[in-house]
>>> print(open('structure-v3.csv').read())   # CSV, C-alpha atoms and all ligand atoms
chain,number,residue,atom,x,y,z
P,1,MET,CA,129.2,103.4,119.6
P,2,LYS,CA,129.2,106.3,117.0
P,3,ASN,CA,127.3,104.6,114.2
P,4,TYR,CA,126.1,101.1,113.4
P,5,THR,CA,126.5,100.6,109.7
P,6,THR,CA,128.7,97.5,109.7
P,7,LEU,CA,129.7,94.8,112.2
P,8,ALA,CA,133.1,96.5,112.5
P,9,ASP,CA,131.3,99.2,114.5
P,10,ILE,CA,130.9,96.8,117.4
P,11,GLU,CA,133.6,97.4,119.9
P,12,ASP,CA,133.0,94.4,122.2
P,13,LEU,CA,130.7,91.7,120.8
P,14,GLU,CA,130.4,89.6,123.9
P,15,SER,CA,129.3,92.6,126.0
P,16,LEU,CA,126.8,93.8,123.3
P,17,ILE,CA,125.2,90.3,123.2
P,18,ARG,CA,125.1,90.3,127.0
P,19,GLU,CA,123.5,93.7,127.0
P,20,ALA,CA,120.8,92.6,124.5
P,21,ARG,CA,120.1,89.4,126.5
P,22,GLY,CA,119.9,91.4,129.7
P,23,LEU,CA,117.5,93.9,128.2
P,24,LYS,CA,115.3,91.0,127.0
P,25,SER,CA,115.2,89.4,130.5
P,26,LYS,CA,114.6,92.7,132.3
P,27,ASN,CA,112.0,93.8,129.9
P,28,THR,CA,112.0,97.3,131.4
P,29,GLU,CA,111.6,100.8,129.9
P,30,SER,CA,114.2,103.5,130.3
P,31,GLU,CA,114.5,107.2,130.1
P,32,LEU,CA,117.8,107.2,128.3
P,33,GLY,CA,116.3,108.3,125.0
P,34,LYS,CA,113.9,110.8,126.4
P,35,GLY,CA,113.7,113.9,124.2
P,36,LYS,CA,115.6,112.2,121.4
P,37,THR,CA,114.2,111.2,118.1
P,38,LEU,CA,115.0,108.2,115.8
P,39,GLY,CA,114.2,108.9,112.2
P,40,MET,CA,113.9,105.8,110.0
P,41,LEU,CA,114.0,105.9,106.2
P,42,PHE,CA,112.9,102.9,104.2
P,43,PHE,CA,113.8,102.7,100.5
P,44,ASN,CA,112.5,99.1,100.5
P,45,PRO,CA,109.7,97.1,102.3
P,46,SER,CA,110.0,95.8,105.8
P,47,LEU,CA,108.0,94.2,108.6
P,48,ARG,CA,110.4,93.2,111.3
P,49,THR,CA,113.1,95.8,111.0
P,50,ARG,CA,110.6,98.6,110.9
P,51,LEU,CA,108.5,97.5,113.9
P,52,SER,CA,111.2,95.9,116.1
P,53,THR,CA,113.5,99.0,115.8
P,54,GLU,CA,110.5,101.3,116.5
P,55,LYS,CA,109.7,99.2,119.5
P,56,ALA,CA,113.3,99.2,120.7
P,57,ALA,CA,113.5,103.0,120.4
P,58,LYS,CA,110.3,103.4,122.4
P,59,LEU,CA,111.5,101.1,125.1
P,60,LEU,CA,114.4,103.5,125.5
P,61,GLY,CA,112.1,106.5,125.7
P,62,MET,CA,112.7,107.8,122.2
P,63,ASP,CA,110.3,109.4,119.8
P,64,VAL,CA,110.2,107.7,116.4
P,65,MET,CA,109.5,109.1,112.9
P,66,VAL,CA,109.3,106.7,109.9
P,67,MET,CA,109.2,107.5,106.2
P,68,ASN,CA,108.8,105.3,103.2
P,69,ALA,CA,111.5,107.2,101.4
P,70,ASP,CA,111.0,105.4,98.1
P,71,LYS,CA,107.3,106.3,97.8
P,72,ASP,CA,106.7,109.4,99.9
P,73,GLY,CA,110.0,111.3,99.7
P,74,TRP,CA,111.7,113.2,96.8
P,75,ALA,CA,113.8,111.0,94.7
P,76,LEU,CA,117.4,111.5,96.0
P,77,GLU,CA,120.5,112.2,94.0
P,78,PHE,CA,123.7,110.7,95.4
P,79,GLU,CA,126.2,111.7,92.8
P,80,ASP,CA,128.6,114.5,93.6
P,81,GLY,CA,128.5,117.3,91.1
P,82,ALA,CA,125.4,116.0,89.3
P,83,VAL,CA,123.5,118.3,87.0
P,84,MET,CA,120.1,117.5,88.4
P,85,ASN,CA,118.0,117.6,85.3
P,86,SER,CA,116.6,114.1,85.6
P,87,ASP,CA,113.9,112.6,88.0
P,88,LYS,CA,116.0,113.2,91.1
P,89,ALA,CA,114.6,116.2,92.9
P,90,GLU,CA,116.8,116.5,96.0
P,91,HIS,CA,120.5,115.9,96.7
P,92,ILE,CA,121.6,113.8,99.7
P,93,LYS,CA,123.7,116.8,100.9
P,94,GLU,CA,120.5,118.8,101.7
P,95,ALA,CA,118.4,115.8,102.7
P,96,ALA,CA,120.9,114.4,105.2
P,97,ALA,CA,121.6,117.9,106.7
P,98,VAL,CA,117.9,118.7,107.1
P,99,LEU,CA,117.1,115.3,108.6
P,100,SER,CA,120.0,115.8,111.1
P,101,GLN,CA,118.2,118.8,112.5
P,102,TYR,CA,115.0,116.8,113.1
P,103,CYS,CA,116.6,113.5,114.3
P,104,ASP,CA,119.2,112.5,116.8
P,105,ILE,CA,119.8,109.2,115.1
P,106,ILE,CA,119.0,108.3,111.4
P,107,ALA,CA,118.4,104.7,110.3
P,108,VAL,CA,118.3,103.7,106.7
P,109,ARG,CA,117.2,100.7,104.7
P,110,ALA,CA,118.5,100.6,101.1
P,111,PHE,CA,118.9,97.3,99.2
P,112,PRO,CA,121.4,96.8,96.4
P,113,GLY,CA,120.4,97.3,92.7
P,114,LEU,CA,122.1,94.0,92.0
P,115,LYS,CA,123.1,95.2,88.5
P,116,ASP,CA,126.4,96.9,89.1
P,117,ARG,CA,128.6,95.0,91.7
P,118,GLU,CA,131.1,97.8,92.1
P,119,LYS,CA,128.4,100.4,92.7
P,120,ASP,CA,126.7,98.2,95.3
P,121,GLU,CA,130.0,97.5,97.0
P,122,SER,CA,130.7,101.2,97.3
P,123,GLU,CA,127.6,101.4,99.7
P,124,GLN,CA,126.8,104.8,98.2
P,125,VAL,CA,123.5,105.3,100.0
P,126,MET,CA,124.7,104.3,103.5
P,127,ASN,CA,128.1,106.1,103.1
P,128,SER,CA,126.5,109.2,101.8
P,129,PHE,CA,124.2,109.4,104.8
P,130,LYS,CA,127.2,108.9,107.1
P,131,LYS,CA,129.1,111.6,105.2
P,132,TYR,CA,126.4,114.3,105.1
P,133,ALA,CA,124.4,113.6,108.3
P,134,SER,CA,125.8,115.2,111.5
P,135,VAL,CA,124.1,112.5,113.7
P,136,PRO,CA,124.7,108.7,114.1
P,137,VAL,CA,123.6,106.4,111.3
P,138,VAL,CA,122.2,102.9,111.7
P,139,ASN,CA,122.0,100.3,108.9
P,140,LEU,CA,118.6,98.7,108.5
P,141,GLU,CA,120.0,96.5,105.7
P,142,SER,CA,122.1,98.0,103.0
P,143,ALA,CA,123.6,96.9,99.7
P,144,THR,CA,126.1,94.4,101.2
P,145,GLY,CA,125.1,93.9,104.9
P,146,HIS,CA,122.4,93.5,107.5
P,147,PRO,CA,124.3,94.0,110.8
P,148,LEU,CA,121.2,94.2,113.0
P,149,GLN,CA,120.0,90.9,111.7
P,150,ALA,CA,123.5,89.3,112.3
P,151,LEU,CA,123.5,90.6,115.9
P,152,THR,CA,120.1,89.1,116.4
P,153,ASP,CA,121.3,85.8,115.0
P,154,ALA,CA,124.3,85.7,117.3
P,155,ILE,CA,122.0,86.4,120.3
P,156,THR,CA,119.6,83.6,119.2
P,157,ILE,CA,122.4,81.0,118.8
P,158,GLN,CA,123.9,81.9,122.1
P,159,GLU,CA,120.6,81.6,124.0
P,160,ILE,CA,119.7,78.3,122.5
P,161,ASN,CA,123.1,76.6,122.2
P,162,LYS,CA,124.0,73.9,124.8
P,163,LYS,CA,127.3,72.7,123.3
P,164,GLU,CA,130.8,74.1,123.8
P,165,ARG,CA,131.4,74.6,120.1
P,166,PRO,CA,128.2,74.0,118.0
P,167,LYS,CA,128.2,73.3,114.3
P,168,VAL,CA,126.5,76.1,112.4
P,169,VAL,CA,125.7,75.6,108.7
P,170,LEU,CA,124.5,78.5,106.4
P,171,THR,CA,122.6,76.9,103.5
P,172,TRP,CA,121.5,78.5,100.3
P,173,ALA,CA,117.9,77.7,99.3
P,174,PRO,CA,115.9,78.4,96.2
P,175,HIS,CA,113.8,81.6,95.6
P,176,PRO,CA,112.1,82.9,92.5
P,177,LYS,CA,113.6,86.4,92.7
P,178,ALA,CA,117.1,87.8,92.8
P,179,LEU,CA,117.8,88.7,96.5
P,180,PRO,CA,120.7,90.6,98.1
P,181,GLN,CA,123.8,88.9,99.6
P,182,SER,CA,123.5,91.3,102.6
P,183,VAL,CA,122.0,88.8,105.1
P,184,PRO,CA,124.4,85.9,104.3
P,185,ASN,CA,127.3,88.3,104.2
P,186,SER,CA,126.7,89.7,107.7
P,187,PHE,CA,125.9,86.2,109.1
P,188,THR,CA,129.1,84.9,107.7
P,189,GLU,CA,131.1,87.7,109.2
P,190,MET,CA,129.3,87.3,112.5
P,191,MET,CA,130.0,83.5,112.7
P,192,GLN,CA,133.7,84.1,112.2
P,193,ASN,CA,133.6,86.1,115.5
P,194,LEU,CA,131.8,83.4,117.5
P,195,ASP,CA,133.2,80.2,119.0
P,196,VAL,CA,131.3,77.9,116.5
P,197,GLU,CA,132.3,75.4,113.8
P,198,PHE,CA,130.9,77.3,110.8
P,199,MET,CA,130.4,76.1,107.3
P,200,ILE,CA,128.5,77.3,104.2
P,201,THR,CA,126.7,75.1,101.7
P,202,ASN,CA,125.5,76.4,98.3
P,203,PRO,CA,125.3,75.3,94.7
P,204,ARG,CA,128.3,76.0,92.4
P,205,GLY,CA,128.0,79.6,91.1
P,206,TYR,CA,126.6,80.8,94.4
P,207,ASP,CA,129.8,81.2,96.4
P,208,LEU,CA,129.7,84.5,98.4
P,209,ASN,CA,132.4,87.2,98.1
P,210,ALA,CA,135.7,85.6,99.0
P,211,ASN,CA,136.8,88.7,101.0
P,212,ILE,CA,133.9,88.0,103.3
P,213,ARG,CA,134.1,84.2,103.4
P,214,LYS,CA,137.9,84.3,104.1
P,215,ASN,CA,138.8,80.7,105.0
P,216,VAL,CA,135.3,79.5,105.9
P,217,ARG,CA,134.7,76.1,104.4
P,218,VAL,CA,132.3,76.0,101.4
P,219,GLU,CA,130.7,72.6,100.8
P,220,HIS,CA,128.7,72.2,97.5
P,221,ASP,CA,127.0,69.0,98.8
P,222,GLN,CA,124.2,70.1,101.1
P,223,GLU,CA,123.7,66.6,102.6
P,224,GLN,CA,127.3,66.4,103.5
P,225,ALA,CA,127.3,69.8,105.1
P,226,PHE,CA,124.2,69.0,107.2
P,227,ARG,CA,125.9,66.1,108.9
P,228,ASP,CA,125.8,66.6,112.7
P,229,ALA,CA,124.8,70.3,112.4
P,230,ASP,CA,123.3,72.0,115.5
P,231,PHE,CA,122.0,75.1,113.7
P,232,VAL,CA,121.0,75.3,110.0
P,233,TYR,CA,120.6,78.9,108.9
P,234,VAL,CA,118.6,79.0,105.6
P,235,LYS,CA,118.7,81.9,103.2
P,236,ASN,CA,118.5,82.5,99.5
P,237,TRP,CA,120.9,84.9,97.7
P,238,SER,CA,121.6,85.8,94.1
P,239,SER,CA,124.9,84.9,92.5
P,240,TYR,CA,127.9,87.0,93.4
P,241,ASP,CA,130.1,85.8,90.5
P,242,GLU,CA,127.4,86.2,87.9
P,243,TYR,CA,126.3,89.3,89.8
P,244,GLY,CA,122.7,89.5,90.7
P,245,LYS,CA,121.7,86.5,88.6
P,246,VAL,CA,119.3,83.6,89.5
P,247,LEU,CA,121.1,80.6,88.1
P,248,ASP,CA,119.7,77.1,87.2
P,249,VAL,CA,120.7,74.6,89.9
P,250,GLU,CA,121.0,70.8,89.4
P,251,ARG,CA,119.2,69.6,92.5
P,252,ASP,CA,116.6,70.5,95.1
P,253,TRP,CA,118.0,72.8,97.8
P,254,THR,CA,114.7,73.4,99.7
P,255,VAL,CA,115.1,72.5,103.4
P,256,ASP,CA,112.7,69.8,104.6
P,257,GLN,CA,112.5,67.4,107.5
P,258,GLU,CA,114.1,64.6,105.5
P,259,LYS,CA,117.3,66.6,105.0
P,260,LEU,CA,117.4,67.5,108.6
P,261,GLN,CA,117.7,63.8,109.5
P,262,GLN,CA,121.5,64.2,108.8
P,263,THR,CA,121.8,66.8,111.5
P,264,ASP,CA,122.1,66.5,115.3
P,265,ASN,CA,118.5,67.6,115.8
P,266,ALA,CA,119.4,71.0,114.4
P,267,LYS,CA,117.5,74.1,115.0
P,268,VAL,CA,116.5,75.9,111.8
P,269,MET,CA,116.9,79.7,111.5
P,270,HIS,CA,115.8,82.2,108.8
P,271,CYS,CA,115.8,86.0,109.0
P,272,LEU,CA,112.2,86.1,107.5
P,273,PRO,CA,110.2,86.8,105.3
P,274,VAL,CA,110.4,83.2,104.1
P,275,ARG,CA,108.6,81.6,101.2
P,276,ARG,CA,107.1,78.4,102.4
P,277,ASN,CA,107.9,75.2,100.5
P,278,MET,CA,110.3,77.1,98.3
P,279,VAL,CA,113.0,78.0,100.8
P,280,ILE,CA,111.8,75.9,103.8
P,281,ALA,CA,109.1,73.2,103.8
P,282,ASP,CA,106.0,73.4,106.0
P,283,ASP,CA,107.1,70.3,107.8
P,284,VAL,CA,110.1,72.2,109.2
P,285,LEU,CA,108.5,75.6,109.8
P,286,ASP,CA,105.6,74.0,111.6
P,287,SER,CA,107.8,71.8,113.7
P,288,GLU,CA,109.9,72.1,116.9
P,289,SER,CA,113.0,72.4,114.7
P,290,SER,CA,112.1,75.9,113.7
P,291,ILE,CA,113.2,78.8,115.9
P,292,VAL,CA,112.4,81.6,113.3
P,293,ILE,CA,109.8,83.2,115.6
P,294,GLN,CA,112.1,83.4,118.6
P,295,GLN,CA,114.8,84.7,116.3
P,296,ALA,CA,112.5,87.5,115.0
P,297,ASN,CA,111.6,88.4,118.6
P,298,ASN,CA,115.3,89.0,119.3
P,299,ARG,CA,115.4,91.8,116.6
P,300,THR,CA,113.9,94.1,119.3
P,301,PHE,CA,116.7,93.4,121.8
P,302,ALA,CA,119.5,93.6,119.2
P,303,ALA,CA,118.2,97.0,118.1
P,304,GLN,CA,117.6,98.1,121.7
P,305,ALA,CA,121.2,97.2,122.7
P,306,VAL,CA,122.6,99.1,119.6
P,307,LEU,CA,120.5,102.2,120.2
P,308,LYS,CA,121.4,102.2,123.9
P,309,ARG,CA,125.1,102.2,123.0
P,310,ILE,CA,124.7,105.0,120.6
P,311,LEU,CA,122.6,107.1,123.0
P,312,GLU,CA,125.2,106.6,125.7
P,313,CYS,CA,127.7,108.1,123.3
P,314,LEU,CA,125.4,111.1,122.6
P,315,LYS,CA,125.0,112.1,126.3
D,1,LIG,C1,115.4,90.6,101.7
D,1,LIG,C2,116.8,90.0,101.5
D,1,LIG,O1,116.9,88.9,101.1
D,1,LIG,O2,117.8,90.7,101.7
D,1,LIG,C3,115.2,91.0,103.1
D,1,LIG,C4,115.5,90.0,104.2
D,1,LIG,C5,115.6,90.6,105.5
D,1,LIG,N1,114.4,89.6,101.4
D,1,LIG,C6,113.5,89.7,100.4
D,1,LIG,O3,113.6,90.6,99.7
D,1,LIG,C7,112.5,88.6,100.3
D,2,LIG,N1,114.6,90.1,108.7
D,2,LIG,C1,114.2,91.3,108.3
D,2,LIG,O1,115.0,92.3,108.2
D,2,LIG,O2,112.8,91.4,108.0
D,2,LIG,P1,112.1,92.7,107.3
D,2,LIG,O3,112.6,92.7,105.9
D,2,LIG,O4,110.6,92.4,107.4
D,2,LIG,O5,112.5,93.9,108.0
>>> encode(input="structure-v3.csv", output="structure tokens", more="lines below")
Ligand code: AN0
Ligand code: CP
Amino acid sequence: MKNYTTLADIEDLESLIREARGLKSKNTESELGKGKTLGMLFFNPSLRTRLSTEKAAKLLGMDVMVMNADKDGWALEFEDGAVMNSDKAEHIKEAAAVLSQYCDIIAVRAFPGLKDREKDESEQVMNSFKKYASVPVVNLESATGHPLQALTDAITIQEINKKERPKVVLTWAPHPKALPQSVPNSFTEMMQNLDVEFMITNPRGYDLNANIRKNVRVEHDQEQAFRDADFVYVKNWSSYDEYGKVLDVERDWTVDQEKLQQTDNAKVMHCLPVRRNMVIADDVLDSESSIVIQQANNRTFAAQAVLKRILECLK
């Protein structure tokens, strides 16, 4: 694997999931990454991505450097040919070239601005790192995707699932702030690559990008969608059509135990962080229905499998 910035970078999904699950069960350290450095740049907050990816790199014998690029670094200019007379002190051309001398792999988190859809969809930050860095680049959640999370989700569903073709439902849930579509986008793409019956439920006005949904069924009635579900994946996202907006919705979309009665004893997933009693009720998060902690644990093995594939390519 040369980079891991989108799910399209995965050559063989089944074998990558098998690799991650194997690494989890073996729980051993390796020397593959000895003498190699992972540099992680965060333009936004993180708990899981930051620590699980660091842990994964160390299990592979790598050294790790982390920078809160939004607070501690120079503000970066990404526009080509810019006259840099504003607050931006350094151009990505120099920054990426310099970082490539210190690091063997660069990993970047950069959320969308959620103001300008075209700009967010151009993935300017991730693509600029790819263009100007001379080492592999890993996406730690970008403007339109979170491929490490989606790989984690596939691993988690596979290790828990007992049915031949489980029903998986992605449901929108309320949140006070405007959040990216990155997690639901990547989850939707991933589910189209697994042998599952996949459906999305969200209020009108919250349909995800049609180019990502393709022919996945969208049901605007949450109760109907939950019927016989085996996995309910809960996530808020801001509107795609009214780009970046938080719209008024008619009814309550918070996921609680009463709503889960419709399901086939579904397991409930969320990428975390989750706002309790807003997105998911206490009676779900504190019950056997919730697998969010196991899911978060799998972040380490998803990252370990991806870094291992990239290191194998560097040898
Ligand atoms: C982010 C999001 O929704 O994309 C990160 C999730 C992994 N969540 C928040 O900002 C709360
Ligand atoms: N799920 C996830 O990416 O969590 P963090 O934002 O804490 O990294």
>>> residues_near_ligand(input="structure-v3.csv", ligand="ligand LIG 1 (chain D)", cutoff="12 Å", atoms="all atoms listed in the file", output="MDAnalysis selection string")
chainID P and resid 44:50 109:114 140:150 152 172:187 234:238 244 270:276 278:279 296 299
>>> write_last_selection(input="structure-v3.csv", atoms="C-alpha atoms", output="mmCIF file, keeping the file's coordinate frame")
data_model
loop_
_atom_site.group_PDB
_atom_site.id
_atom_site.type_symbol
_atom_site.label_atom_id
_atom_site.label_comp_id
_atom_site.auth_asym_id
_atom_site.auth_seq_id
_atom_site.Cartn_x
_atom_site.Cartn_y
_atom_site.Cartn_z
ATOM 1 C CA ASN P 44 112.500 99.100 100.500
ATOM 2 C CA PRO P 45 109.700 97.100 102.300
ATOM 3 C CA SER P 46 110.000 95.800 105.800
ATOM 4 C CA LEU P 47 108.000 94.200 108.600
ATOM 5 C CA ARG P 48 110.400 93.200 111.300
ATOM 6 C CA THR P 49 113.100 95.800 111.000
ATOM 7 C CA ARG P 50 110.600 98.600 110.900
ATOM 8 C CA ARG P 109 117.200 100.700 104.700
ATOM 9 C CA ALA P 110 118.500 100.600 101.100
ATOM 10 C CA PHE P 111 118.900 97.300 99.200
ATOM 11 C CA PRO P 112 121.400 96.800 96.400
ATOM 12 C CA GLY P 113 120.400 97.300 92.700
ATOM 13 C CA LEU P 114 122.100 94.000 92.000
ATOM 14 C CA LEU P 140 118.600 98.700 108.500
ATOM 15 C CA GLU P 141 120.000 96.500 105.700
ATOM 16 C CA SER P 142 122.100 98.000 103.000
ATOM 17 C CA ALA P 143 123.600 96.900 99.700
ATOM 18 C CA THR P 144 126.100 94.400 101.200
ATOM 19 C CA GLY P 145 125.100 93.900 104.900
ATOM 20 C CA HIS P 146 122.400 93.500 107.500
ATOM 21 C CA PRO P 147 124.300 94.000 110.800
ATOM 22 C CA LEU P 148 121.200 94.200 113.000
ATOM 23 C CA GLN P 149 120.000 90.900 111.700
ATOM 24 C CA ALA P 150 123.500 89.300 112.300
ATOM 25 C CA THR P 152 120.100 89.100 116.400
ATOM 26 C CA TRP P 172 121.500 78.500 100.300
ATOM 27 C CA ALA P 173 117.900 77.700 99.300
ATOM 28 C CA PRO P 174 115.900 78.400 96.200
ATOM 29 C CA HIS P 175 113.800 81.600 95.600
ATOM 30 C CA PRO P 176 112.100 82.900 92.500
ATOM 31 C CA LYS P 177 113.600 86.400 92.700
ATOM 32 C CA ALA P 178 117.100 87.800 92.800
ATOM 33 C CA LEU P 179 117.800 88.700 96.500
ATOM 34 C CA PRO P 180 120.700 90.600 98.100
ATOM 35 C CA GLN P 181 123.800 88.900 99.600
ATOM 36 C CA SER P 182 123.500 91.300 102.600
ATOM 37 C CA VAL P 183 122.000 88.800 105.100
ATOM 38 C CA PRO P 184 124.400 85.900 104.300
ATOM 39 C CA ASN P 185 127.300 88.300 104.200
ATOM 40 C CA SER P 186 126.700 89.700 107.700
ATOM 41 C CA PHE P 187 125.900 86.200 109.100
ATOM 42 C CA VAL P 234 118.600 79.000 105.600
ATOM 43 C CA LYS P 235 118.700 81.900 103.200
ATOM 44 C CA ASN P 236 118.500 82.500 99.500
ATOM 45 C CA TRP P 237 120.900 84.900 97.700
ATOM 46 C CA SER P 238 121.600 85.800 94.100
ATOM 47 C CA GLY P 244 122.700 89.500 90.700
ATOM 48 C CA HIS P 270 115.800 82.200 108.800
ATOM 49 C CA CYS P 271 115.800 86.000 109.000
ATOM 50 C CA LEU P 272 112.200 86.100 107.500
ATOM 51 C CA PRO P 273 110.200 86.800 105.300
ATOM 52 C CA VAL P 274 110.400 83.200 104.100
ATOM 53 C CA ARG P 275 108.600 81.600 101.200
ATOM 54 C CA ARG P 276 107.100 78.400 102.400
ATOM 55 C CA MET P 278 110.300 77.100 98.300
ATOM 56 C CA VAL P 279 113.000 78.000 100.800
ATOM 57 C CA ALA P 296 112.500 87.500 115.000
ATOM 58 C CA ARG P 299 115.400 91.800 116.600
#
>>> closest_residue(input="structure-v3.csv", among="P:Asp252, P:Glu164, P:Asp264, P:Asp153", to="ligand LIG 2 (chain D)", atoms="only C-alpha atoms and all ligand atoms")
P:Asp153
>>> atom_distance(input="structure-v3.csv", atom1="atom CA of P:Gln262", atom2="atom CA of P:Lys214")
26.4 Å
>>> atom_distance(input="structure-v3.csv", atom1="atom CA of P:Val232", atom2="atom CA of P:Thr156")
12.5 Å
>>> atom_distance(input="structure-v3.csv", atom1="atom CA of P:Asn161", atom2="atom CA of P:Val306")
22.7 Å
>>> closest_residue(input="structure-v3.csv", among="P:Thr300, P:Asn211, P:Gln257, P:Gln158", to="ligand LIG 2 (chain D)", atoms="only C-alpha atoms and all ligand atoms")
P:Thr300
>>> axis_aligned_box(input="structure-v3.csv", around="ligand LIG 2 (chain D)", padding_each_side="6 Å", output="AutoDock Vina command-line options")
--center_x 112.8 --center_y 92.0 --center_z 107.3 --size_x 16.4 --size_y 15.8 --size_z 14.8
>>> closest_residue(input="structure-v3.csv", among="P:Glu90, P:Phe43, P:Lys2, P:Val218", to="P:Met67", atoms="all atoms listed in the file")
P:Phe43
>>> residues_around(input="structure-v3.csv", residues="P:Asp80", least_positions_apart="4", cutoff="12 Å", atoms="all atoms listed in the file", output="list in words")
Leu76, Met84, His91, Ile92, Lys93, Gln124, Ser128, Lys131 and Tyr132 of chain P
>>> write_last_selection(input="structure-v3.csv", atoms="C-alpha atoms", output="short mmCIF file (atom, residue, chain, number, x, y, z; two decimals), in the coordinates of the input")
data_model
loop_
_atom_site.label_atom_id
_atom_site.label_comp_id
_atom_site.auth_asym_id
_atom_site.auth_seq_id
_atom_site.Cartn_x
_atom_site.Cartn_y
_atom_site.Cartn_z
CA LEU P 76 117.40 111.50 96.00
CA MET P 84 120.10 117.50 88.40
CA HIS P 91 120.50 115.90 96.70
CA ILE P 92 121.60 113.80 99.70
CA LYS P 93 123.70 116.80 100.90
CA GLN P 124 126.80 104.80 98.20
CA SER P 128 126.50 109.20 101.80
CA LYS P 131 129.10 111.60 105.20
CA TYR P 132 126.40 114.30 105.10
#
>>> decode(input="structure-v3.csv", residues="stretch 132-150 of chain P", atoms="N, CA and C atoms", output="PDB file, in the first residue's frame")
ATOM      1  N   TYR P 132       2.977  17.087  -2.187  1.00  0.00           N
ATOM      2  CA  TYR P 132       4.274  17.700  -1.855  1.00  0.00           C
ATOM      3  C   TYR P 132       5.124  16.881  -0.884  1.00  0.00           C
ATOM      4  N   ALA P 133       4.557  15.832  -0.278  1.00  0.00           N
ATOM      5  CA  ALA P 133       5.376  14.974   0.577  1.00  0.00           C
ATOM      6  C   ALA P 133       5.996  13.899  -0.311  1.00  0.00           C
ATOM      7  N   SER P 134       7.191  13.453   0.059  1.00  0.00           N
ATOM      8  CA  SER P 134       7.828  12.387  -0.724  1.00  0.00           C
ATOM      9  C   SER P 134       7.718  11.047   0.004  1.00  0.00           C
ATOM     10  N   VAL P 135       6.890  10.997   1.052  1.00  0.00           N
ATOM     11  CA  VAL P 135       6.679   9.755   1.809  1.00  0.00           C
ATOM     12  C   VAL P 135       5.173   9.450   1.818  1.00  0.00           C
ATOM     13  N   PRO P 136       4.787   8.215   2.201  1.00  0.00           N
ATOM     14  CA  PRO P 136       3.358   7.869   2.214  1.00  0.00           C
ATOM     15  C   PRO P 136       2.549   8.754   3.177  1.00  0.00           C
ATOM     16  N   VAL P 137       1.282   8.972   2.819  1.00  0.00           N
ATOM     17  CA  VAL P 137       0.381   9.809   3.616  1.00  0.00           C
ATOM     18  C   VAL P 137      -0.813   8.976   4.077  1.00  0.00           C
ATOM     19  N   VAL P 138      -1.169   9.134   5.344  1.00  0.00           N
ATOM     20  CA  VAL P 138      -2.318   8.429   5.920  1.00  0.00           C
ATOM     21  C   VAL P 138      -3.360   9.449   6.371  1.00  0.00           C
ATOM     22  N   ASN P 139      -4.615   9.168   6.068  1.00  0.00           N
ATOM     23  CA  ASN P 139      -5.747  10.026   6.434  1.00  0.00           C
ATOM     24  C   ASN P 139      -6.243   9.673   7.840  1.00  0.00           C
ATOM     25  N   LEU P 140      -6.211  10.650   8.732  1.00  0.00           N
ATOM     26  CA  LEU P 140      -6.699  10.450  10.106  1.00  0.00           C
ATOM     27  C   LEU P 140      -8.076  11.110  10.287  1.00  0.00           C
ATOM     28  N   GLU P 141      -8.793  11.315   9.240  1.00  0.00           N
ATOM     29  CA  GLU P 141     -10.099  11.957   9.022  1.00  0.00           C
ATOM     30  C   GLU P 141      -9.869  13.282   8.308  1.00  0.00           C
ATOM     31  N   SER P 142     -10.425  13.307   7.114  1.00  0.00           N
ATOM     32  CA  SER P 142     -10.278  14.475   6.243  1.00  0.00           C
ATOM     33  C   SER P 142     -11.644  15.099   5.986  1.00  0.00           C
ATOM     34  N   ALA P 143     -11.682  16.025   5.041  1.00  0.00           N
ATOM     35  CA  ALA P 143     -12.910  16.767   4.739  1.00  0.00           C
ATOM     36  C   ALA P 143     -14.073  15.861   4.368  1.00  0.00           C
ATOM     37  N   THR P 144     -13.797  14.772   3.669  1.00  0.00           N
ATOM     38  CA  THR P 144     -14.914  13.937   3.196  1.00  0.00           C
ATOM     39  C   THR P 144     -14.830  12.469   3.601  1.00  0.00           C
ATOM     40  N   GLY P 145     -13.794  12.064   4.322  1.00  0.00           N
ATOM     41  CA  GLY P 145     -13.704  10.649   4.672  1.00  0.00           C
ATOM     42  C   GLY P 145     -12.921  10.352   5.929  1.00  0.00           C
ATOM     43  N   HIS P 146     -13.185   9.174   6.489  1.00  0.00           N
ATOM     44  CA  HIS P 146     -12.441   8.694   7.665  1.00  0.00           C
ATOM     45  C   HIS P 146     -12.170   7.199   7.447  1.00  0.00           C
ATOM     46  N   PRO P 147     -11.224   6.897   6.523  1.00  0.00           N
ATOM     47  CA  PRO P 147     -11.032   5.502   6.131  1.00  0.00           C
ATOM     48  C   PRO P 147     -10.511   4.566   7.229  1.00  0.00           C
ATOM     49  N   LEU P 148      -9.768   5.091   8.209  1.00  0.00           N
ATOM     50  CA  LEU P 148      -9.323   4.210   9.310  1.00  0.00           C
ATOM     51  C   LEU P 148     -10.518   3.805  10.176  1.00  0.00           C
ATOM     52  N   GLN P 149     -11.460   4.725  10.345  1.00  0.00           N
ATOM     53  CA  GLN P 149     -12.668   4.403  11.111  1.00  0.00           C
ATOM     54  C   GLN P 149     -13.490   3.352  10.367  1.00  0.00           C
ATOM     55  N   ALA P 150     -13.634   3.522   9.059  1.00  0.00           N
ATOM     56  CA  ALA P 150     -14.450   2.580   8.275  1.00  0.00           C
ATOM     57  C   ALA P 150     -13.845   1.180   8.284  1.00  0.00           C
TER      58      ALA P 150
END
